[in-house]
$ cat my_file-v2.pdb   # PDB, C-alpha atoms
ATOM      1  CA  MET A  77     109.274  73.556  94.271
ATOM      2  CA  CYS A  78     111.759  76.225  93.228
ATOM      3  CA  ARG A  79     110.253  76.349  89.735
ATOM      4  CA  THR A  80     106.838  76.992  91.269
ATOM      5  CA  GLN A  81     108.255  79.864  93.298
ATOM      6  CA  GLU A  82     109.917  81.264  90.172
ATOM      7  CA  SER A  83     106.522  81.217  88.445
ATOM      8  CA  GLY A  84     105.044  83.057  91.430
ATOM      9  CA  ILE A  85     107.805  85.676  91.266
ATOM     10  CA  PHE A  86     107.110  86.151  87.551
ATOM     11  CA  ALA A  87     103.371  86.599  88.181
ATOM     12  CA  LEU A  88     103.958  89.096  90.994
ATOM     13  CA  GLY A  89     106.339  91.043  88.756
ATOM     14  CA  ALA A  90     103.650  91.312  86.087
ATOM     15  CA  LEU A  91     101.127  92.501  88.691
ATOM     16  CA  HIS A  92     103.610  95.121  89.929
ATOM     17  CA  ILE A  93     103.909  96.505  86.396
ATOM     18  CA  THR A  94     100.116  96.602  85.948
ATOM     19  CA  VAL A  95      99.534  98.439  89.232
ATOM     20  CA  ALA A  96     102.413 100.817  88.433
ATOM     21  CA  LEU A  97     100.765 101.821  85.152
ATOM     22  CA  LEU A  98      97.421 102.415  86.889
ATOM     23  CA  LEU A  99      99.117 104.443  89.638
ATOM     24  CA  SER A 100     100.822 106.601  87.013
ATOM     25  CA  VAL A 101      97.516 107.294  85.285
ATOM     26  CA  ALA A 102      95.770 108.163  88.580
ATOM     27  CA  GLN A 103      98.544 110.456  89.841
ATOM     28  CA  ILE A 104      99.076 112.235  86.506
ATOM     29  CA  THR A 105      95.328 112.757  86.088
ATOM     30  CA  MET A 106      95.002 114.168  89.607
ATOM     31  CA  THR A 107      97.962 116.533  89.215
ATOM     32  CA  ALA A 108      96.784 117.715  85.792
ATOM     33  CA  TYR A 109      93.261 118.336  87.097
ATOM     34  CA  LEU A 110      94.548 120.325  90.052
ATOM     35  CA  GLU A 111      96.788 122.412  87.823
ATOM     36  CA  PHE A 112      93.951 122.984  85.371
ATOM     37  CA  ARG A 113      91.623 124.182  88.131
ATOM     38  CA  LYS A 114      94.392 126.352  89.611
ATOM     39  CA  SER A 115      93.712 125.094  93.098
ATOM     40  CA  ILE A 116      96.276 124.654  95.843
ATOM     41  CA  ILE A 117      94.372 121.720  97.257
ATOM     42  CA  GLY A 118      97.148 119.604  95.796
ATOM     43  CA  ARG A 119      99.762 120.870  98.225
ATOM     44  CA  TYR A 120      99.875 117.285  99.490
ATOM     45  CA  MET A 121      99.849 115.786  96.011
ATOM     46  CA  ARG A 122     101.826 118.260  93.887
ATOM     47  CA  ILE A 123     105.029 116.409  94.736
ATOM     48  CA  SER A 124     103.446 113.386  93.022
ATOM     49  CA  PRO A 125     104.291 110.669  95.566
ATOM     50  CA  GLY A 126     102.130 108.250  93.605
ATOM     51  CA  LEU A 127     104.374 108.735  90.581
ATOM     52  CA  TRP A 128     107.454 107.911  92.670
ATOM     53  CA  LEU A 129     105.770 104.720  93.839
ATOM     54  CA  ALA A 130     104.758 103.876  90.272
ATOM     55  CA  VAL A 131     108.347 104.208  89.040
ATOM     56  CA  GLY A 132     109.621 102.072  91.921
ATOM     57  CA  ALA A 133     106.963  99.417  91.328
ATOM     58  CA  MET A 134     107.750  99.383  87.601
ATOM     59  CA  ILE A 135     111.474  98.851  88.224
ATOM     60  CA  THR A 136     110.699  96.166  90.796
ATOM     61  CA  GLY A 137     108.306  94.334  88.479
ATOM     62  CA  ILE A 138     110.703  94.344  85.517
ATOM     63  CA  THR A 139     113.579  93.144  87.699
ATOM     64  CA  MET A 140     111.471  90.334  89.175
ATOM     65  CA  ILE A 141     110.458  89.136  85.698
ATOM     66  CA  LYS A 142     114.062  89.145  84.505
ATOM     67  CA  PHE A 143     115.123  87.252  87.618
ATOM     68  CA  ALA A 144     112.422  84.622  87.100
ATOM     69  CA  LYS A 145     113.427  84.137  83.461
ATOM     70  CA  ARG A 146     117.134  83.968  84.210
ATOM     71  CA  ARG A 147     116.662  81.307  86.901
ATOM     72  CA  THR A 148     119.891  82.154  88.644
ATOM     73  CA  LYS A 149     120.691  80.614  92.005
ATOM     74  CA  SER A 150     122.828  83.511  93.211
ATOM     75  CA  PHE A 151     122.286  85.072  96.633
ATOM     76  CA  ALA A 152     122.628  88.603  95.227
ATOM     77  CA  TRP A 153     119.487  88.779  93.080
ATOM     78  CA  PRO A 154     116.922  87.775  95.724
ATOM     79  CA  ARG A 155     118.508  90.117  98.258
ATOM     80  CA  PHE A 156     118.476  92.964  95.741
ATOM     81  CA  LEU A 157     114.814  92.300  94.955
ATOM     82  CA  VAL A 158     113.912  92.213  98.652
ATOM     83  CA  ALA A 159     115.648  95.589  99.074
ATOM     84  CA  LEU A 160     113.696  97.028  96.120
ATOM     85  CA  ASN A 161     110.418  95.816  97.598
ATOM     86  CA  VAL A 162     111.258  97.317 100.989
ATOM     87  CA  ILE A 163     112.052 100.682  99.352
ATOM     88  CA  CYS A 164     108.760 100.583  97.450
ATOM     89  CA  LEU A 165     106.978  99.708 100.683
ATOM     90  CA  GLY A 166     108.395 102.881 102.237
ATOM     91  CA  LEU A 167     107.241 104.916  99.221
ATOM     92  CA  ALA A 168     103.790 103.377  99.559
ATOM     93  CA  GLY A 169     103.700 104.525 103.178
ATOM     94  CA  VAL A 170     104.477 108.082 102.039
ATOM     95  CA  VAL A 171     101.707 107.936  99.432
ATOM     96  CA  ILE A 172      99.182 106.668 101.981
ATOM     97  CA  PHE A 173     100.160 109.426 104.428
ATOM     98  CA  TYR A 174      99.827 112.266 101.913
ATOM     99  CA  ASP A 175      96.674 110.847 100.353
ATOM    100  CA  THR A 176      95.111 110.475 103.808
ATOM    101  CA  MET A 177      95.893 114.128 104.582
ATOM    102  CA  TYR A 178      94.426 115.096 101.216
ATOM    103  CA  LEU A 179      91.180 113.187 101.779
ATOM    104  CA  MET A 180      90.867 114.357 105.404
ATOM    105  CA  ASP A 181      91.171 118.001 104.355
ATOM    106  CA  PHE A 182      88.615 117.385 101.661
ATOM    107  CA  LYS A 183      86.159 115.759 104.062
ATOM    108  CA  LYS A 184      86.682 118.458 106.687
ATOM    109  CA  TRP A 185      86.002 121.206 104.175
ATOM    110  CA  ILE A 186      82.830 119.542 102.862
ATOM    111  CA  TRP A 187      81.513 119.036 106.407
ATOM    112  CA  ARG A 188      82.143 122.657 107.418
ATOM    113  CA  LYS A 189      80.744 123.948 104.143
ATOM    114  CA  GLN A 190      77.491 122.085 104.739
ATOM    115  CA  ARG A 191      77.268 122.947 108.451
ATOM    116  CA  TYR A 192      78.128 126.643 108.310
ATOM    117  CA  ALA A 193      76.848 127.571 104.858
ATOM    118  CA  GLY A 194      75.817 131.224 104.804
ATOM    119  CA  ASP A 195      77.011 131.926 108.361
ATOM    120  CA  PRO A 196      79.129 135.138 108.292
ATOM    121  CA  ASN A 197      80.835 134.131 111.548
ATOM    122  CA  PHE A 198      82.435 131.126 109.840
ATOM    123  CA  PRO A 199      84.133 132.231 106.615
ATOM    124  CA  ILE A 200      84.835 128.731 105.365
ATOM    125  CA  ASP A 201      86.090 129.816 101.962
ATOM    126  CA  ALA A 202      88.560 132.208 103.544
ATOM    127  CA  GLU A 203      89.901 129.508 105.869
ATOM    128  CA  TYR A 204      90.022 126.833 103.192
ATOM    129  CA  GLY A 205      91.002 128.983 100.257
ATOM    130  CA  GLN A 206      92.562 126.038  98.470
ATOM    131  CA  PHE A 207      89.053 124.724  97.772
ATOM    132  CA  TYR A 208      87.589 128.029  96.629
ATOM    133  CA  THR A 209      87.964 127.343  92.906
ATOM    134  CA  MET A 210      85.761 124.249  93.048
ATOM    135  CA  ARG A 211      82.458 125.819  92.140
ATOM    136  CA  ASN A 212      80.403 122.763  91.249
ATOM    137  CA  ARG A 213      79.733 119.238  92.375
ATOM    138  CA  LEU A 214      81.714 117.775  89.473
ATOM    139  CA  ASP A 215      84.956 119.150  90.900
ATOM    140  CA  LEU A 216      84.222 117.622  94.282
ATOM    141  CA  GLU A 217      83.342 114.214  92.904
ATOM    142  CA  ALA A 218      86.228 114.084  90.429
ATOM    143  CA  LEU A 219      88.922 115.004  92.939
ATOM    144  CA  PHE A 220      87.502 112.769  95.658
ATOM    145  CA  ILE A 221      87.253 109.798  93.269
ATOM    146  CA  LEU A 222      90.816 110.350  92.058
ATOM    147  CA  GLY A 223      92.073 110.435  95.635
ATOM    148  CA  GLY A 224      90.155 107.265  96.451
ATOM    149  CA  CYS A 225      91.516 105.483  93.362
ATOM    150  CA  LEU A 226      95.064 106.442  94.281
ATOM    151  CA  MET A 227      94.543 105.185  97.827
ATOM    152  CA  GLY A 228      93.019 101.904  96.639
ATOM    153  CA  LEU A 229      95.812 101.226  94.142
ATOM    154  CA  THR A 230      98.398 102.007  96.799
ATOM    155  CA  VAL A 231      96.824  99.490  99.184
ATOM    156  CA  VAL A 232      96.870  96.862  96.415
ATOM    157  CA  GLU A 233     100.546  97.611  95.791
ATOM    158  CA  VAL A 234     101.289  97.261  99.509
ATOM    159  CA  VAL A 235      99.703  93.792  99.498
ATOM    160  CA  LEU A 236     101.756  92.820  96.431
ATOM    161  CA  LEU A 237     104.948  94.113  98.037
ATOM    162  CA  ILE A 238     104.354  92.119 101.216
ATOM    163  CA  LEU A 239     103.667  88.971  99.179
ATOM    164  CA  SER A 240     106.791  89.595  97.100
ATOM    165  CA  ILE A 241     108.986  90.019 100.169
ATOM    166  CA  ALA A 242     107.597  86.819 101.699
ATOM    167  CA  LEU A 243     108.048  84.807  98.486
ATOM    168  CA  LEU A 244     111.551  86.125  97.815
ATOM    169  CA  SER A 245     112.593  85.447 101.399
ATOM    170  CA  LYS A 246     111.335  81.877 101.098
ATOM    171  CA  PHE A 247     113.114  81.487  97.761
ATOM    172  CA  LEU A 248     116.306  82.829  99.302
ATOM    173  CA  CYS A 249     116.122  80.372 102.195
ATOM    174  CA  VAL A 250     115.033  77.281 100.266
ATOM    175  CA  CYS A 251     116.384  77.626  96.741
ATOM    176  CA  CYS A 252     119.565  79.628  97.264
ATOM    177  CA  SER A 253     121.075  77.703 100.160
ATOM    178  CA  GLU A 254     124.446  76.042  99.776
ATOM    179  CA  THR A 255     122.950  72.523  99.760
ATOM    180  CA  ALA A 256     119.792  73.188  97.772
ATOM    181  CA  PHE A 257     121.233  72.318  94.389
ATOM    182  CA  LEU A 258     124.019  69.867  95.242
ATOM    183  CA  PRO A 259     123.785  66.581  93.341
ATOM    184  CA  VAL A 260     122.206  63.833  95.388
ATOM    185  CA  VAL A 261     124.734  61.059  96.041
ATOM    186  CA  SER A 262     123.212  57.742  96.992
ATOM    187  CA  LEU A 263     125.032  55.652  99.575
ATOM    188  CA  VAL A 264     123.321  52.467  98.391
ATOM    189  CA  PRO A 265     125.622  50.403  96.114
ATOM    190  CA  LYS A 266     124.513  50.224  92.538
ATOM    191  CA  THR A 267     123.604  46.794  91.217
ATOM    192  CA  ARG A 268     122.923  45.517  87.766
ATOM    193  CA  ILE A 269     122.421  42.237  86.003
ATOM    194  CA  THR A 270     125.004  41.333  83.381
ATOM    195  CA  MET A 271     125.330  38.349  81.101
ATOM    196  CA  VAL A 272     128.703  36.642  81.562
ATOM    197  CA  PRO A 273     129.194  33.864  79.024
ATOM    198  CA  SER A 274     131.478  31.012  79.949
ATOM    199  CA  ARG A 275     132.204  27.562  78.777
ATOM    200  CA  GLU A 276     129.950  26.061  81.420
ATOM    201  CA  ASN A 277     126.918  28.257  80.885
ATOM    202  CA  LEU A 278     127.429  29.307  77.308
ATOM    203  CA  ARG A 279     124.342  27.387  76.270
ATOM    204  CA  GLN A 280     122.192  28.472  79.178
ATOM    205  CA  SER A 281     123.515  32.072  79.518
ATOM    206  CA  MET A 282     122.530  32.330  83.158
ATOM    207  CA  PRO A 283     122.435  35.932  84.506
ATOM    208  CA  LEU A 284     124.797  36.704  87.330
ATOM    209  CA  LEU A 285     124.246  39.478  89.913
ATOM    210  CA  THR A 286     127.336  41.622  90.329
ATOM    211  CA  THR A 287     127.782  44.607  92.610
ATOM    212  CA  GLU A 288     129.581  47.805  91.720
ATOM    213  CA  LEU A 289     130.926  49.660  94.714
TER     214      LEU A 289
END
$ encode --input "my_file-v2.pdb" --output "structure tokens"
Amino acid sequence: MCRTQESGIFALGALHITVALLLSVAQITMTAYLEFRKSIIGRYMRISPGLWLAVGAMITGITMIKFAKRRTKSFAWPRFLVALNVICLGLAGVVIFYDTMYLMDFKKWIWRKQRYAGDPNFPIDAEYGQFYTMRNRLDLEALFILGGCLMGLTVVEVVLLILSIALLSKFLCVCCSETAFLPVVSLVPKTRITMVPSRENLRQSMPLLTTEL
């Protein structure tokens, strides 16, 4: 059972690394695009919270793989891994918050731009100056898709973190307890059949049942 859980920890560690790489690509691409377009729309994303989460997920994944390969039964490693997953879960919450603000601002600006287009009483571009540099539909689609990808990858990472915490907690309770790996001592006396030659039964060699206590 413990070996199965170790295999699960190894698989989750590999998934953490994969999602971390994808998060890094999404966050770096978004930040580079915003810098290239010279837009301050990225005031929520310039601090690169997705990159922080990617680094945390990468460290967590590598540590989980090393733990699964080492197969140690110490209490310290599972607790350390649970702490890492909890920290990454907090970072994921920050990413979701900032990305939600980013997408809400985007949606609000698009709605007002469509509703009050050409109305001099509603200077949308003056109010939402951070979007003023996006002159074509490609900018809108690219930035919205990047924000959606970052949000989707973050949700996937949250699911992986919750599964990792649950599996590590179960491993800590079942496989790292004080009695989990003690040798099993049977209370039933061992018996075996031995051949005891004697003058009387030397020819017949009858087996005798002896008991070892």
$ atom_distance --input "my_file-v2.pdb" --atom1 "CA of Val158 in chain A" --atom2 "CA of Leu248 in chain A"
9.7 Å
$ closest_atom_pairs --input "my_file-v2.pdb" --of "range 132-161 of chain A" --to "range 97-104 of chain A" --cutoff "12 Å" --atoms "all atoms listed in the file" --output "tab-separated table"
residue	atom	partner	partner_atom	distance
A:Gly132	CA	A:Leu99	CA	11.0
A:Ala133	CA	A:Leu97	CA	9.1
A:Met134	CA	A:Leu97	CA	7.8
A:Ile135	CA	A:Leu97	CA	11.5
A:Gly137	CA	A:Leu97	CA	11.1
$ atom_distance --input "my_file-v2.pdb" --atom1 "CA of Ala242 in chain A" --atom2 "CA of Pro154 in chain A"
11.1 Å
$ resolve_selection --input "my_file-v2.pdb" --expression "the PyMOL selection byres ((chain A and resi 172-177) around 12)" --output "JSON, numbers by chain"
{"A": [103, 106, 117, 118, 119, 120, 121, 122, 123, 124, 125, 126, 129, 165, 166, 167, 168, 169, 170, 171, 178, 179, 180, 181, 182, 183, 184, 219, 220, 221, 222, 223, 224, 225, 226, 227, 228, 229, 230, 231, 232, 233, 234]}
$ closest_residue --input "my_file-v2.pdb" --among "A:Ser240, A:Lys246, A:Val131, A:Ala218" --to "Val95 in chain A" --atoms "only C-alpha atoms"
A:Val131
$ closest_residue --input "my_file-v2.pdb" --among "A:Ala96, A:Leu160, A:Ile138, A:Ala130" --to "Leu244 in chain A" --atoms "all atoms listed in the file"
A:Leu160
$ axis_aligned_box --input "my_file-v2.pdb" --around "range 222-234 of chain A" --padding-each-side "5 Å" --output "JSON"
{"center_x": 95.7, "center_y": 103.6, "center_z": 95.8, "size_x": 21.1, "size_y": 23.6, "size_z": 17.5}
$ closest_residue --input "my_file-v2.pdb" --among "A:Leu237, A:Val250, A:Cys78, A:Val162" --to "Ile93 in chain A" --atoms "all atoms listed in the file"
A:Leu237
$ atom_distance --input "my_file-v2.pdb" --atom1 "CA of Ser83 in chain A" --atom2 "CA of Ala152 in chain A"
19.0 Å
$ closest_residue --input "my_file-v2.pdb" --among "A:Asn161, A:Thr80, A:Trp153, A:Ile141" --to "Leu239 in chain A" --atoms "all atoms listed in the file"
A:Asn161
